[in-house]
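Here is the file target.txt (compact mmCIF, C-alpha atoms and all ligand atoms).
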```txt
# COMPACT_ATOMS: atom_id res chain seq x y z
CA MET A 1 0.00 0.00 0.00
CA GLU A 2 2.90 2.33 0.75
CA ASN A 3 3.46 4.94 -1.98
CA SER A 4 0.42 3.78 -3.90
CA PHE A 5 -1.76 6.23 -5.73
CA VAL A 6 -5.24 6.72 -4.31
CA LEU A 7 -8.39 8.46 -5.52
CA PRO A 8 -11.01 10.28 -3.43
CA GLY A 9 -13.05 7.69 -1.51
CA ASP A 10 -10.40 4.98 -1.68
CA VAL A 11 -9.74 3.07 1.53
CA VAL A 12 -6.34 3.99 2.95
CA GLY A 13 -6.47 2.00 6.18
CA SER A 14 -8.46 1.03 9.22
CA ALA A 15 -9.04 3.47 12.06
CA GLU A 16 -8.03 0.75 14.51
CA GLU A 17 -4.59 0.54 12.99
CA PHE A 18 -3.92 4.15 11.98
CA ILE A 19 -4.68 7.72 12.97
CA PRO A 20 -6.30 9.58 10.08
CA GLY A 21 -3.86 12.20 8.75
CA ASP A 22 -4.05 14.93 6.13
CA CYS A 23 -6.57 14.52 3.30
CA THR A 24 -8.43 11.63 4.92
CA TYR A 25 -11.66 11.04 6.81
CA VAL A 26 -13.04 8.23 8.93
CA LYS A 27 -16.37 6.53 8.43
CA GLY A 28 -17.43 3.33 10.14
CA GLY A 29 -13.91 2.59 11.37
CA VAL A 30 -12.39 2.93 7.91
CA ILE A 31 -10.07 5.73 6.73
CA TYR A 32 -10.78 7.10 3.26
CA ALA A 33 -8.90 9.50 1.03
CA THR A 34 -10.54 12.88 0.40
CA THR A 35 -8.27 13.71 -2.52
CA ALA A 36 -6.24 12.08 -5.30
CA GLY A 37 -2.64 11.59 -4.31
CA LEU A 38 0.01 9.37 -2.88
CA LEU A 39 -0.77 7.31 0.18
CA ASN A 40 1.68 8.05 2.97
CA ILE A 41 1.86 5.62 5.89
CA ASP A 42 3.82 6.92 8.83
CA GLU A 43 4.66 3.67 10.64
CA LYS A 44 6.27 5.41 13.58
CA ASN A 45 3.28 7.58 14.43
CA LYS A 46 0.79 5.08 13.02
CA GLN A 47 -0.70 7.72 10.79
CA ALA A 48 -2.21 7.30 7.34
CA SER A 49 -2.40 10.39 5.17
CA VAL A 50 -2.62 11.32 1.51
CA ILE A 51 -0.19 13.72 -0.17
CA PRO A 52 -2.21 15.57 -2.82
CA LYS A 53 -0.89 14.78 -6.27
CA THR A 54 0.34 18.25 -7.13
CA ASN A 55 2.20 18.61 -3.82
CA ALA A 56 3.92 15.22 -3.88
CA PRO A 57 7.65 15.87 -4.10
CA ALA A 58 9.28 14.65 -7.29
CA LYS A 59 11.68 11.86 -6.39
CA LEU A 60 15.24 12.42 -7.59
CA CYS A 61 16.93 9.46 -9.24
CA GLN A 62 20.21 8.80 -10.97
CA GLY A 63 20.04 10.01 -14.58
CA ASP A 64 17.36 12.65 -13.91
CA ILE A 65 17.90 16.10 -15.39
CA VAL A 66 17.53 18.97 -12.92
CA VAL A 67 17.70 22.74 -13.09
CA GLY A 68 19.13 24.87 -10.31
CA GLU A 69 21.06 27.95 -9.30
CA VAL A 70 24.69 28.14 -8.19
CA ILE A 71 24.60 29.47 -4.63
CA ASP A 72 28.18 28.89 -3.53
CA MET A 73 31.58 27.89 -4.92
CA LYS A 74 34.35 26.02 -3.12
CA GLU A 75 37.78 25.19 -4.48
CA SER A 76 36.65 21.95 -6.12
CA LEU A 77 32.90 21.98 -5.53
CA VAL A 78 29.90 23.93 -6.81
CA ILE A 79 26.87 24.15 -4.52
CA VAL A 80 23.57 24.18 -6.40
CA SER A 81 20.13 25.02 -5.09
CA LEU A 82 17.76 22.82 -7.09
CA ALA A 83 14.65 24.42 -8.61
CA PHE A 84 12.95 21.51 -10.35
CA LYS A 85 13.33 18.21 -12.13
CA LYS A 86 12.81 18.20 -15.88
CA GLY A 87 9.32 16.98 -16.73
CA TYR A 88 8.08 17.76 -13.20
CA GLU A 89 8.35 21.55 -13.34
CA ASP A 90 5.22 22.11 -11.23
CA ARG A 91 6.27 19.79 -8.43
CA PRO A 92 8.46 20.54 -5.44
CA ILE A 93 11.55 18.43 -4.90
CA SER A 94 12.38 16.71 -1.67
CA ASP A 95 16.08 17.57 -1.48
CA GLU A 96 17.04 21.05 -2.44
CA GLU A 97 20.83 21.18 -2.37
CA ALA A 98 23.20 19.34 -4.67
CA THR A 99 26.87 19.57 -5.60
CA ILE A 100 29.02 19.32 -8.71
CA HIS A 101 32.55 18.10 -8.13
CA ILE A 102 35.25 19.61 -10.34
CA SER A 103 35.76 16.17 -11.96
CA ASN A 104 32.13 16.11 -13.13
CA VAL A 105 32.04 19.53 -14.78
CA ARG A 106 33.03 18.49 -18.29
CA ASN A 107 34.59 15.56 -20.11
CA SER A 108 38.05 17.13 -20.05
CA TYR A 109 40.23 18.35 -17.19
CA VAL A 110 39.21 21.51 -15.36
CA LYS A 111 41.92 23.57 -13.70
CA ASP A 112 39.93 26.49 -12.35
CA LEU A 113 36.30 26.04 -11.38
CA ARG A 114 35.76 29.81 -11.52
CA GLN A 115 36.25 29.70 -15.29
CA MET A 116 33.31 27.29 -15.47
CA PHE A 117 30.68 28.65 -13.07
CA SER A 118 29.78 31.68 -11.03
CA VAL A 119 27.33 32.30 -8.19
CA ARG A 120 23.82 33.10 -9.58
CA ASP A 121 24.30 30.99 -12.72
CA ILE A 122 21.30 28.92 -13.70
CA LEU A 123 22.37 25.48 -14.83
CA LYS A 124 21.07 22.21 -16.13
CA ALA A 125 22.69 19.03 -14.81
CA LYS A 126 22.30 15.29 -14.56
CA ILE A 127 22.13 13.40 -11.27
CA VAL A 128 25.04 10.95 -11.07
CA ASP A 129 24.64 10.02 -7.40
CA GLU A 130 21.11 10.17 -6.04
CA LYS A 131 22.10 9.49 -2.42
CA GLN A 132 24.62 12.30 -2.04
CA LEU A 133 22.94 14.38 -4.75
CA ARG A 134 25.99 14.79 -6.90
CA LEU A 135 25.50 16.28 -10.34
CA SER A 136 27.35 16.23 -13.63
CA THR A 137 27.40 18.83 -16.42
CA GLY A 138 29.65 16.79 -18.74
CA ASP A 139 27.23 16.30 -21.64
CA GLU A 140 26.95 18.96 -24.33
CA ASP A 141 23.37 19.91 -23.47
CA LEU A 142 24.29 20.31 -19.80
CA GLY A 143 25.86 23.27 -18.05
CA VAL A 144 25.00 26.92 -17.60
CA ILE A 145 21.80 28.02 -19.38
CA LYS A 146 21.76 31.57 -18.00
CA ALA A 147 24.55 33.68 -16.50
CA TYR A 148 24.93 37.21 -15.21
CA CYS A 149 27.80 39.66 -15.59
CA ASN A 150 30.08 39.60 -12.55
CA ARG A 151 30.55 43.36 -12.84
CA CYS A 152 27.06 44.71 -13.45
CA LEU A 153 24.68 41.68 -13.14
CA THR A 154 23.28 42.10 -16.67
CA GLY A 155 22.35 38.83 -18.39
CA LEU A 156 25.30 37.63 -20.50
CA VAL A 157 24.80 36.97 -24.22
CA LYS A 158 26.49 34.13 -26.12
CA LYS A 159 28.75 35.39 -28.89
CA ASP A 160 31.32 33.29 -30.79
CA GLY A 161 31.46 30.71 -28.02
CA LYS A 162 32.03 33.32 -25.33
CA LEU A 163 29.72 35.19 -23.02
CA VAL A 164 29.59 38.94 -23.47
CA CYS A 165 27.87 41.55 -21.31
CA PRO A 166 25.70 43.74 -23.56
CA SER A 167 25.89 46.50 -20.97
CA CYS A 168 29.58 46.82 -19.98
CA ALA A 169 31.26 44.63 -22.68
CA ASN A 170 32.86 42.40 -20.02
CA THR A 171 33.57 38.88 -21.38
CA GLU A 172 33.33 35.76 -19.25
CA THR A 173 33.64 32.00 -19.70
CA ARG A 174 31.38 29.23 -18.48
CA LYS A 175 30.78 25.52 -18.97
CA MET A 176 27.82 26.36 -21.18
CA SER A 177 24.92 24.14 -22.15
CA SER A 178 24.16 23.99 -25.88
CA TYR A 179 20.80 25.45 -24.80
CA TYR A 180 22.39 28.59 -23.34
CA GLY A 181 20.12 31.62 -23.67
CA LEU A 182 17.41 29.76 -25.56
CA GLY A 183 15.00 29.85 -22.64
CA VAL A 184 14.24 26.15 -22.94
CA VAL A 185 15.28 23.27 -20.76
ZN ZN B 1 28.41 43.88 -17.32
```
Could I get this structure in the form of structure tokens?
Ligand SMILES: [Zn+2]
Amino acid sequence: MENSFVLPGDVVGSAEEFIPGDCTYVKGGVIYATTAGLLNIDEKNKQASVIPKTNAPAKLCQGDIVVGEVIDMKESLVIVSLAFKKGYEDRPISDEEATIHISNVRNSYVKDLRQMFSVRDILKAKIVDEKQLRLSTGDEDLGVIKAYCNRCLTGLVKKDGKLVCPSCANTETRKMSSYYGLGVV
């Protein structure tokens, strides 16, 4: 029964066994779902509840494509705040922070991570380790999809393989996705 999908009126458990939780009601000793969603049995608290479909967090698995924002940079690690999983744009995600190790940035050696990413960059990446939430941007379609000028915060424009600031003419480099600036994921 755990993690099964239920519809309004479906039996989710017995009131003898479980406490009715969110999105459920009890009638004649039986707990029913009031909404469509995922059944959630909390064994510890003996509670049966239903997570409405649209609020059920999208599970993150190896190979999934995610989009997020660079929030911090370490010497060999990029910290990414995840926004959504591709194909599940309207759903929240359960874990919100992931990392990209310098060895997973591209298919060739990276000497300086700061030539590849910058805080505030929006990037597209693939999950390579779902437990520790490690990401890779090695593939051509992966990497930065939107970046901002480090001097004046204007959105950078792709020009001859480089990123140029249309406002102050500053040029910067990134590990860019082939989708950079296209507004599509
Ligand atoms: Zn600028």
The residue from A:His101, A:Ser167, A:Ser178, A:Glu172 with the smallest atom-to-atom distance to ligand ZN 1 (chain B), counting only C-alpha atoms and all ligand atoms, is A:Ser167
Pick out the residues sitting within 10 Å of Ser108 of chain A, and hand them over as a ChimeraX atom specification; count only C-alpha atoms, and ignore anything fewer than 4 positions along from it in its own chain.
/A:103-104,138
I need the residues from that last selection saved to file as a PDB file, in the coordinates of the input (with C-alpha atoms), if you can.
```pdb
ATOM      1  CA  SER A 103      35.760  16.170 -11.960  1.00  0.00           C
ATOM      2  CA  ASN A 104      32.130  16.110 -13.130  1.00  0.00           C
ATOM      3  CA  GLY A 138      29.650  16.790 -18.740  1.00  0.00           C
TER       4      GLY A 138
END
```
Original post:
Got a sec to check which residues lie within 9 Å of ligand ZN 1 (chain B), using only C-alpha atoms and all ligand atoms, and send them as a PyMOL selection string?
Top reply: chain A and resi 148-156+164-171
Item to complete: Tell me, as a list in words, which residues lie within 6 Å of segment 30-37 of chain A, counting all atoms listed in the file; anything in the same chain fewer than 3 positions away does not count.
Response: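 The contact residues come out as Phe5, Val6, Leu7, Pro8, Gly9, Asp10, Val11, Val12, Gly13, Ser14, Ala15, Cys23, Thr24, Tyr25, Val26, Lys27, Val50, Ile51, Pro52 and Lys53 of chain A.
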Kindly save the residues from that selection, with C-alpha atoms included, as a PDB file, in the coordinates of the input.
```pdb
ATOM      1  CA  PHE A   5      -1.760   6.230  -5.730  1.00  0.00           C
ATOM      2  CA  VAL A   6      -5.240   6.720  -4.310  1.00  0.00           C
ATOM      3  CA  LEU A   7      -8.390   8.460  -5.520  1.00  0.00           C
ATOM      4  CA  PRO A   8     -11.010  10.280  -3.430  1.00  0.00           C
ATOM      5  CA  GLY A   9     -13.050   7.690  -1.510  1.00  0.00           C
ATOM      6  CA  ASP A  10     -10.400   4.980  -1.680  1.00  0.00           C
ATOM      7  CA  VAL A  11      -9.740   3.070   1.530  1.00  0.00           C
ATOM      8  CA  VAL A  12      -6.340   3.990   2.950  1.00  0.00           C
ATOM      9  CA  GLY A  13      -6.470   2.000   6.180  1.00  0.00           C
ATOM     10  CA  SER A  14      -8.460   1.030   9.220  1.00  0.00           C
ATOM     11  CA  ALA A  15      -9.040   3.470  12.060  1.00  0.00           C
ATOM     12  CA  CYS A  23      -6.570  14.520   3.300  1.00  0.00           C
ATOM     13  CA  THR A  24      -8.430  11.630   4.920  1.00  0.00           C
ATOM     14  CA  TYR A  25     -11.660  11.040   6.810  1.00  0.00           C
ATOM     15  CA  VAL A  26     -13.040   8.230   8.930  1.00  0.00           C
ATOM     16  CA  LYS A  27     -16.370   6.530   8.430  1.00  0.00           C
ATOM     17  CA  VAL A  50      -2.620  11.320   1.510  1.00  0.00           C
ATOM     18  CA  ILE A  51      -0.190  13.720  -0.170  1.00  0.00           C
ATOM     19  CA  PRO A  52      -2.210  15.570  -2.820  1.00  0.00           C
ATOM     20  CA  LYS A  53      -0.890  14.780  -6.270  1.00  0.00           C
TER      21      LYS A  53
END
```
Take atom CA of Ala147 of chain A and atom CA of Val70 of chain A and report the distance between them in Å, one decimal.
->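 Value for the atom CA of Ala147 of chain A-atom CA of Val70 of chain A distance: 10.0 Å.
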Take the point (13.0, 18.3, -3.0) as written in the file and pick out every residue within 9 Å of it, counting all atoms listed in the file; give the list as a ChimeraX atom specification. /A:57-60,82-84,91-97
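Nearest-residue note for Gly63 of chain A: choosing from A:Leu135, A:Val144, A:Val157, A:Val185, the minimum distance belongs to A:Leu135, counting all atoms listed in the file.
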What lies within 8 Å of Lys158 of chain A using all atoms listed in the file, ignoring chain neighbours under 3 positions off, as a compact mmCIF listing (two decimals) with C-alpha atoms, in the frame of the given file?
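Dumped to selection-v6.txt:
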```txt
# COMPACT_ATOMS: atom_id res chain seq x y z
CA GLY A 161 31.46 30.71 -28.02
CA LYS A 162 32.03 33.32 -25.33
CA LEU A 163 29.72 35.19 -23.02
CA VAL A 164 29.59 38.94 -23.47
CA TYR A 180 22.39 28.59 -23.34
CA GLY A 181 20.12 31.62 -23.67
```
note - atom CA of Asp72 of chain A and atom CA of Ile122 of chain A are separated by 12.3 Å
